[in-house]
2 protein chains.
Amino acid sequence: MSTAAKIVIVGAGRIAWHLGKRLKSKGLSVAQVISRTAEHAELLAQTLQCNWTNDWSELLSDADWILLAVRDDAIADVAGQLAPFSQDALVTHTSGGTPGAVLKPFFGRFGVFYPLQSFSFERSPVWSKIPFCVDAQEENDVLFLKKIAKTIGNLVYRVNDEQRSALHVAAVFANNFSNHCFSIAEKLLDEKNLTFELLHPLMEETLAKALQDSPARMQTGPAIRGDADTIRRHLALLQDHPDWKGLYKNLSESINPGLSI
Amino acid sequence: MSTAAKIVIVGAGRIAWHLGKRLKSKGLSVAQVISRTAEHAELLAQTLQCNWTNDWSELLSDADWILLAVRDDAIADVAGQLAPFSQDALVTHTSGGTPGAVLKPFFGRFGVFYPLQSFSFERSPVWSKIPFCVDAQEENDVLFLKKIAKTIGNLVYRVNDEQRSALHVAAVFANNFSNHCFSIAEKLLDEKNLTFELLHPLMEETLAKALQDSPARMQTGPAIRGDADTIRRHLALLQDHPDWKGLYKNLSESINPGLSI
């Protein structure tokens, strides 16, 4: 299968938009957008100057690659709806947290095309820095997905289901949970009329260190140095926020299991 | 008090080194280093080309500003040892987590000179981006500390004890705890022979978003979107790490208190 393959994008959310526009800008043939919401399908199809539908039965019969860019919990359902109308196309989802095998009951050729980044409408992806984690049953399909990823990006990895599951959990820690820590910090400052900008340099330094060396080796703070007095004082300060207080205690004990607080 | 003030640095750790070198490089008069460990005091004093001692009684009697750059849990002890030999100097500690008032029993003029950054020997501080949080009992001393901070840095804030306590707890979340999340992510990948570099772009994007807008508004992931299936799958994957599993659950529930998992 060449990069002249006819591509169908299913979904019209953030990933569908960003991938669709990028594929088109690199001269790849995005032929159709399918979304259950007609207006969403039409809007994206206008941008990509291609066919659109909200009716599964109108799936292009000569599609080569069907890219399911839908919510994780909709993948199996959408695959089931689409399956009766798909011919021999390669079908991949874009999910880090869903096994490729979820597509097996529905399609002969299936795989995963997972761009490991947090996409938002407000920000332009830096494609050269996004790791594309691809996998498929057949080697030819793996080669095809790698070729596509190299065309629209730079970093390409073959990652199997087991590895991708671990990667997805790890991404939740590295992104969602670290962001929640930033968010708690912001609210704590807000309560004392302090600007969150006070912490920006510290956050930048935290990241710079974690990228430069192993974050485990870079750990600082009261927990790692066993400073129980400071920890107790902090827990007392958090008494009006039992939720954050619990997190503070658990995170501290996870950093230093020898702590007695 | 002018910036020609005679400065004594107590301590010879990371903060003492970085502040000492910076003060000297800006032409300020670092006159003495005191540390309980003679070799440490001598080494820093050599670098700063000044007097040193490990004997409290040798504190320079004409010191104008005594900068206590010692561990949080040593501040009160060191202050007590030093007090009998100090004349009318302004004494400040550098701690985010310790009230300025801890110095009150020992000194007539006291305050705080807290550079809000995580210092390490391996990395050069970017002084222009470090917020200096200063406070003192007397307005003249506040002005002096602000002047010093403006001389060696750029961002200066007057922050009272209550605010600084909140700031310190917030810094623990924004730095120590987010770094621990990075660290867990690294270990999860390591177990599956995946390089941590796979997550670097996601981490950079997480920070960029949190600096651009409120991190609370930027929250993504299974918890905030209430994707209980993914969360349950992740918890099952973490079954060999009860500690991380507990953190995953608590952090998810903190992000989205309406979750039923």
# chains A, B, ... in the order shown; residues from 1 in each chain; ligands from 1
>>> residues_around(residues="Val172 (chain B)", least_positions_apart="5", cutoff="10 Å", atoms="only C-alpha atoms", output="mmCIF file with N, CA and C atoms, in the first residue's frame")
data_model
loop_
_atom_site.group_PDB
_atom_site.id
_atom_site.type_symbol
_atom_site.label_atom_id
_atom_site.label_comp_id
_atom_site.auth_asym_id
_atom_site.auth_seq_id
_atom_site.Cartn_x
_atom_site.Cartn_y
_atom_site.Cartn_z
ATOM 1 N N CYS A 181 -1.558 18.409 39.711
ATOM 2 C CA CYS A 181 -0.710 18.992 40.773
ATOM 3 C C CYS A 181 -0.513 20.486 40.530
ATOM 4 N N PHE A 182 -0.288 20.873 39.277
ATOM 5 C CA PHE A 182 -0.169 22.304 38.955
ATOM 6 C C PHE A 182 -1.472 23.030 39.324
ATOM 7 N N ALA A 185 -1.845 23.601 42.991
ATOM 8 C CA ALA A 185 -0.925 24.692 43.362
ATOM 9 C C ALA A 185 -1.554 26.045 43.021
ATOM 10 N N THR A 220 13.367 16.387 44.722
ATOM 11 C CA THR A 220 13.738 17.212 45.873
ATOM 12 C C THR A 220 12.498 17.394 46.762
ATOM 13 N N GLY A 221 12.648 18.122 47.854
ATOM 14 C CA GLY A 221 11.494 18.475 48.683
ATOM 15 C C GLY A 221 11.467 17.755 50.016
ATOM 16 N N PRO A 222 10.499 18.136 50.859
ATOM 17 C CA PRO A 222 10.448 17.598 52.226
ATOM 18 C C PRO A 222 10.302 16.066 52.285
ATOM 19 N N ALA A 223 9.570 15.475 51.352
ATOM 20 C CA ALA A 223 9.348 14.026 51.445
ATOM 21 C C ALA A 223 10.653 13.259 51.246
ATOM 22 N N ILE A 231 6.417 18.465 56.593
ATOM 23 C CA ILE A 231 5.258 17.742 56.067
ATOM 24 C C ILE A 231 4.055 17.903 56.992
ATOM 25 N N HIS A 234 2.630 21.290 56.605
ATOM 26 C CA HIS A 234 1.870 21.397 55.349
ATOM 27 C C HIS A 234 0.511 20.694 55.446
ATOM 28 N N TYR A 248 -1.502 14.862 49.370
ATOM 29 C CA TYR A 248 -0.178 15.270 49.871
ATOM 30 C C TYR A 248 0.455 14.126 50.652
ATOM 31 N N SER A 252 3.618 11.930 49.303
ATOM 32 C CA SER A 252 4.841 11.999 50.107
ATOM 33 C C SER A 252 5.307 10.601 50.498
ATOM 34 N N ALA B 166 1.552 29.103 52.225
ATOM 35 C CA ALA B 166 0.712 28.570 51.145
ATOM 36 C C ALA B 166 1.551 28.361 49.888
ATOM 37 N N LEU B 167 2.424 29.318 49.632
ATOM 38 C CA LEU B 167 3.298 29.246 48.466
ATOM 39 C C LEU B 167 4.194 28.010 48.537
ATOM 40 N N PHE B 177 5.678 16.975 43.575
ATOM 41 C CA PHE B 177 4.672 15.961 43.248
ATOM 42 C C PHE B 177 4.552 15.754 41.739
ATOM 43 N N SER B 178 4.636 16.833 40.966
ATOM 44 C CA SER B 178 4.599 16.623 39.513
ATOM 45 C C SER B 178 5.833 15.829 39.098
ATOM 46 N N ASN B 179 6.968 16.114 39.703
ATOM 47 C CA ASN B 179 8.176 15.348 39.369
ATOM 48 C C ASN B 179 8.022 13.872 39.737
#
>>> residues_around(residues="region 72-76 of chain B", least_positions_apart="2", cutoff="12 Å", atoms="only C-alpha atoms", output="MDAnalysis selection string")
(chainID A and resid 221:222 225:231 233) or (chainID B and resid 10:11 15 35:36 67:70 78:83 91:107 112 114)
>>> interface_residues(of="chain B", to="chain A", cutoff="6 Å", atoms="only C-alpha atoms", output="VMD selection string")
chain B and resid 117 163 170 173 to 176 178 181 to 183 185 192 202 206 215 to 216 221
>>> write_last_selection(atoms="C-alpha atoms", output="JSON list (two decimals), in the first residue's frame")
[["chain", "number", "residue", "atom", "x", "y", "z"],
["B", 117, "GLN", "CA", 13.44, 28.00, 42.84],
["B", 163, "GLN", "CA", 1.22, 33.70, 52.09],
["B", 170, "ALA", "CA", 1.87, 24.95, 46.40],
["B", 173, "PHE", "CA", 2.61, 20.20, 44.49],
["B", 174, "ALA", "CA", 3.96, 22.05, 41.44],
["B", 175, "ASN", "CA", 7.49, 20.71, 41.74],
["B", 176, "ASN", "CA", 7.96, 17.68, 44.00],
["B", 178, "SER", "CA", 4.60, 16.62, 39.51],
["B", 181, "CYS", "CA", 4.41, 11.66, 38.63],
["B", 182, "PHE", "CA", 7.11, 11.94, 35.94],
["B", 183, "SER", "CA", 9.19, 9.48, 37.90],
["B", 185, "ALA", "CA", 5.84, 7.28, 34.37],
["B", 192, "LYS", "CA", 8.24, -2.52, 29.25],
["B", 202, "LEU", "CA", 3.88, 15.25, 26.05],
["B", 206, "THR", "CA", 1.66, 19.75, 29.46],
["B", 215, "PRO", "CA", -4.01, 24.23, 34.39],
["B", 216, "ALA", "CA", -7.49, 23.51, 35.75],
["B", 221, "GLY", "CA", -7.49, 12.52, 30.31]]
>>> residues_around(residues="Leu143 (chain B)", least_positions_apart="3", cutoff="12 Å", atoms="only C-alpha atoms", output="mmCIF file with C-alpha atoms, in the first residue's frame")
data_model
loop_
_atom_site.group_PDB
_atom_site.id
_atom_site.type_symbol
_atom_site.label_atom_id
_atom_site.label_comp_id
_atom_site.auth_asym_id
_atom_site.auth_seq_id
_atom_site.Cartn_x
_atom_site.Cartn_y
_atom_site.Cartn_z
ATOM 1 C CA MET B 1 21.233 49.982 55.023
ATOM 2 C CA SER B 2 22.899 50.125 51.638
ATOM 3 C CA THR B 3 24.015 47.392 49.270
ATOM 4 C CA GLY B 111 13.071 38.549 58.050
ATOM 5 C CA PHE B 113 14.879 36.151 51.815
ATOM 6 C CA VAL B 134 11.099 38.888 50.888
ATOM 7 C CA ASP B 135 9.715 40.058 54.198
ATOM 8 C CA ALA B 136 10.955 41.722 57.385
ATOM 9 C CA GLN B 137 9.591 43.370 60.512
ATOM 10 C CA GLU B 138 10.953 46.813 59.731
ATOM 11 C CA GLU B 139 10.168 48.683 56.533
ATOM 12 C CA ASN B 140 13.789 49.746 56.106
ATOM 13 C CA LYS B 146 14.162 44.253 47.927
ATOM 14 C CA LYS B 147 17.191 46.227 46.781
ATOM 15 C CA ILE B 148 19.466 43.199 47.161
ATOM 16 C CA ALA B 149 16.970 40.989 45.307
ATOM 17 C CA LYS B 150 16.718 43.518 42.475
ATOM 18 C CA VAL B 156 10.759 40.664 43.731
ATOM 19 C CA TYR B 157 7.636 40.190 45.831
ATOM 20 C CA ARG B 158 6.830 41.049 49.416
#
>>> atom_distance(atom1="CA of Trp17 (chain B)", atom2="CA of Ser61 (chain B)")
22.7 Å
>>> select_by_dssp(residues="region 10-252 of chain B", states="helix (DSSP H, G or I)", output="PyMOL selection string")
chain B and resi 14-25+38-48+56-58+72-85+100-103+127-129+139-152+161-191+196-212+228-237+242-252
>>> select_by_dssp(residues="region 30-89 of chain B", states="strand (DSSP E)", output="MDAnalysis selection string")
chainID B and resid 30:34 51:53 65:68
>>> decode(residues="region 100-164 of chain A", atoms="C-alpha atoms", output="PDB file, in the first residue's frame")
ATOM      1  CA  GLY A 100      -5.580  -3.009  18.661  1.00  0.00           C
ATOM      2  CA  ALA A 101      -7.323  -6.355  19.122  1.00  0.00           C
ATOM      3  CA  VAL A 102     -10.603  -4.577  19.915  1.00  0.00           C
ATOM      4  CA  LEU A 103     -10.923  -4.234  16.118  1.00  0.00           C
ATOM      5  CA  LYS A 104     -10.308  -7.930  15.418  1.00  0.00           C
ATOM      6  CA  PRO A 105     -13.952  -9.092  15.536  1.00  0.00           C
ATOM      7  CA  PHE A 106     -14.836  -6.572  12.854  1.00  0.00           C
ATOM      8  CA  PHE A 107     -12.008  -6.266  10.353  1.00  0.00           C
ATOM      9  CA  GLY A 108      -9.502  -8.514   8.584  1.00  0.00           C
ATOM     10  CA  ARG A 109      -6.729  -5.920   8.680  1.00  0.00           C
ATOM     11  CA  PHE A 110      -6.415  -3.769  11.741  1.00  0.00           C
ATOM     12  CA  GLY A 111      -3.869  -1.844  13.752  1.00  0.00           C
ATOM     13  CA  VAL A 112      -3.109   1.265  15.761  1.00  0.00           C
ATOM     14  CA  PHE A 113      -1.916   4.708  14.742  1.00  0.00           C
ATOM     15  CA  TYR A 114      -1.373   6.507  18.059  1.00  0.00           C
ATOM     16  CA  PRO A 115       0.158   9.985  18.095  1.00  0.00           C
ATOM     17  CA  LEU A 116       1.423  10.388  21.649  1.00  0.00           C
ATOM     18  CA  GLN A 117       0.488  13.959  22.333  1.00  0.00           C
ATOM     19  CA  SER A 118      -2.288  15.911  24.004  1.00  0.00           C
ATOM     20  CA  PHE A 119      -4.120  17.733  21.219  1.00  0.00           C
ATOM     21  CA  SER A 120      -6.227  20.836  21.697  1.00  0.00           C
ATOM     22  CA  PHE A 121      -8.015  23.106  19.268  1.00  0.00           C
ATOM     23  CA  GLU A 122      -6.204  26.154  20.611  1.00  0.00           C
ATOM     24  CA  ARG A 123      -2.666  24.958  19.949  1.00  0.00           C
ATOM     25  CA  SER A 124      -0.819  23.838  16.808  1.00  0.00           C
ATOM     26  CA  PRO A 125       0.889  20.463  17.162  1.00  0.00           C
ATOM     27  CA  VAL A 126       4.667  20.410  16.674  1.00  0.00           C
ATOM     28  CA  TRP A 127       4.601  17.378  14.399  1.00  0.00           C
ATOM     29  CA  SER A 128       8.338  16.793  14.365  1.00  0.00           C
ATOM     30  CA  LYS A 129       8.267  16.180  18.120  1.00  0.00           C
ATOM     31  CA  ILE A 130       5.262  13.863  18.345  1.00  0.00           C
ATOM     32  CA  PRO A 131       6.099  10.162  18.782  1.00  0.00           C
ATOM     33  CA  PHE A 132       3.874   8.068  16.510  1.00  0.00           C
ATOM     34  CA  CYS A 133       3.291   4.628  18.035  1.00  0.00           C
ATOM     35  CA  VAL A 134       2.115   2.272  15.311  1.00  0.00           C
ATOM     36  CA  ASP A 135       1.239  -1.398  15.154  1.00  0.00           C
ATOM     37  CA  ALA A 136      -0.659  -3.794  12.882  1.00  0.00           C
ATOM     38  CA  GLN A 137      -1.166  -7.505  12.361  1.00  0.00           C
ATOM     39  CA  GLU A 138       0.504  -7.647   8.966  1.00  0.00           C
ATOM     40  CA  GLU A 139       4.043  -6.462   8.330  1.00  0.00           C
ATOM     41  CA  ASN A 140       3.014  -4.652   5.141  1.00  0.00           C
ATOM     42  CA  ASP A 141       0.499  -2.640   7.114  1.00  0.00           C
ATOM     43  CA  VAL A 142       3.108  -1.789   9.737  1.00  0.00           C
ATOM     44  CA  LEU A 143       5.372  -0.526   6.955  1.00  0.00           C
ATOM     45  CA  PHE A 144       2.525   1.531   5.521  1.00  0.00           C
ATOM     46  CA  LEU A 145       1.694   3.123   8.895  1.00  0.00           C
ATOM     47  CA  LYS A 146       5.381   3.869   9.512  1.00  0.00           C
ATOM     48  CA  LYS A 147       5.631   5.498   6.085  1.00  0.00           C
ATOM     49  CA  ILE A 148       2.582   7.681   6.789  1.00  0.00           C
ATOM     50  CA  ALA A 149       3.931   8.643  10.210  1.00  0.00           C
ATOM     51  CA  LYS A 150       7.320   9.568   8.718  1.00  0.00           C
ATOM     52  CA  THR A 151       5.521  11.670   6.113  1.00  0.00           C
ATOM     53  CA  ILE A 152       3.550  13.732   8.619  1.00  0.00           C
ATOM     54  CA  GLY A 153       6.006  13.520  11.522  1.00  0.00           C
ATOM     55  CA  ASN A 154       9.488  12.492  12.496  1.00  0.00           C
ATOM     56  CA  LEU A 155       9.486  10.092  15.460  1.00  0.00           C
ATOM     57  CA  VAL A 156       8.038   6.655  14.724  1.00  0.00           C
ATOM     58  CA  TYR A 157       7.986   3.632  17.021  1.00  0.00           C
ATOM     59  CA  ARG A 158       6.467   0.194  16.679  1.00  0.00           C
ATOM     60  CA  VAL A 159       4.739  -0.383  19.995  1.00  0.00           C
ATOM     61  CA  ASN A 160       2.720  -3.526  20.745  1.00  0.00           C
ATOM     62  CA  ASP A 161      -0.535  -3.610  22.719  1.00  0.00           C
ATOM     63  CA  GLU A 162       1.093  -4.469  26.032  1.00  0.00           C
ATOM     64  CA  GLN A 163       3.689  -1.728  25.688  1.00  0.00           C
ATOM     65  CA  ARG A 164       1.103   0.798  24.559  1.00  0.00           C
TER      66      ARG A 164
END
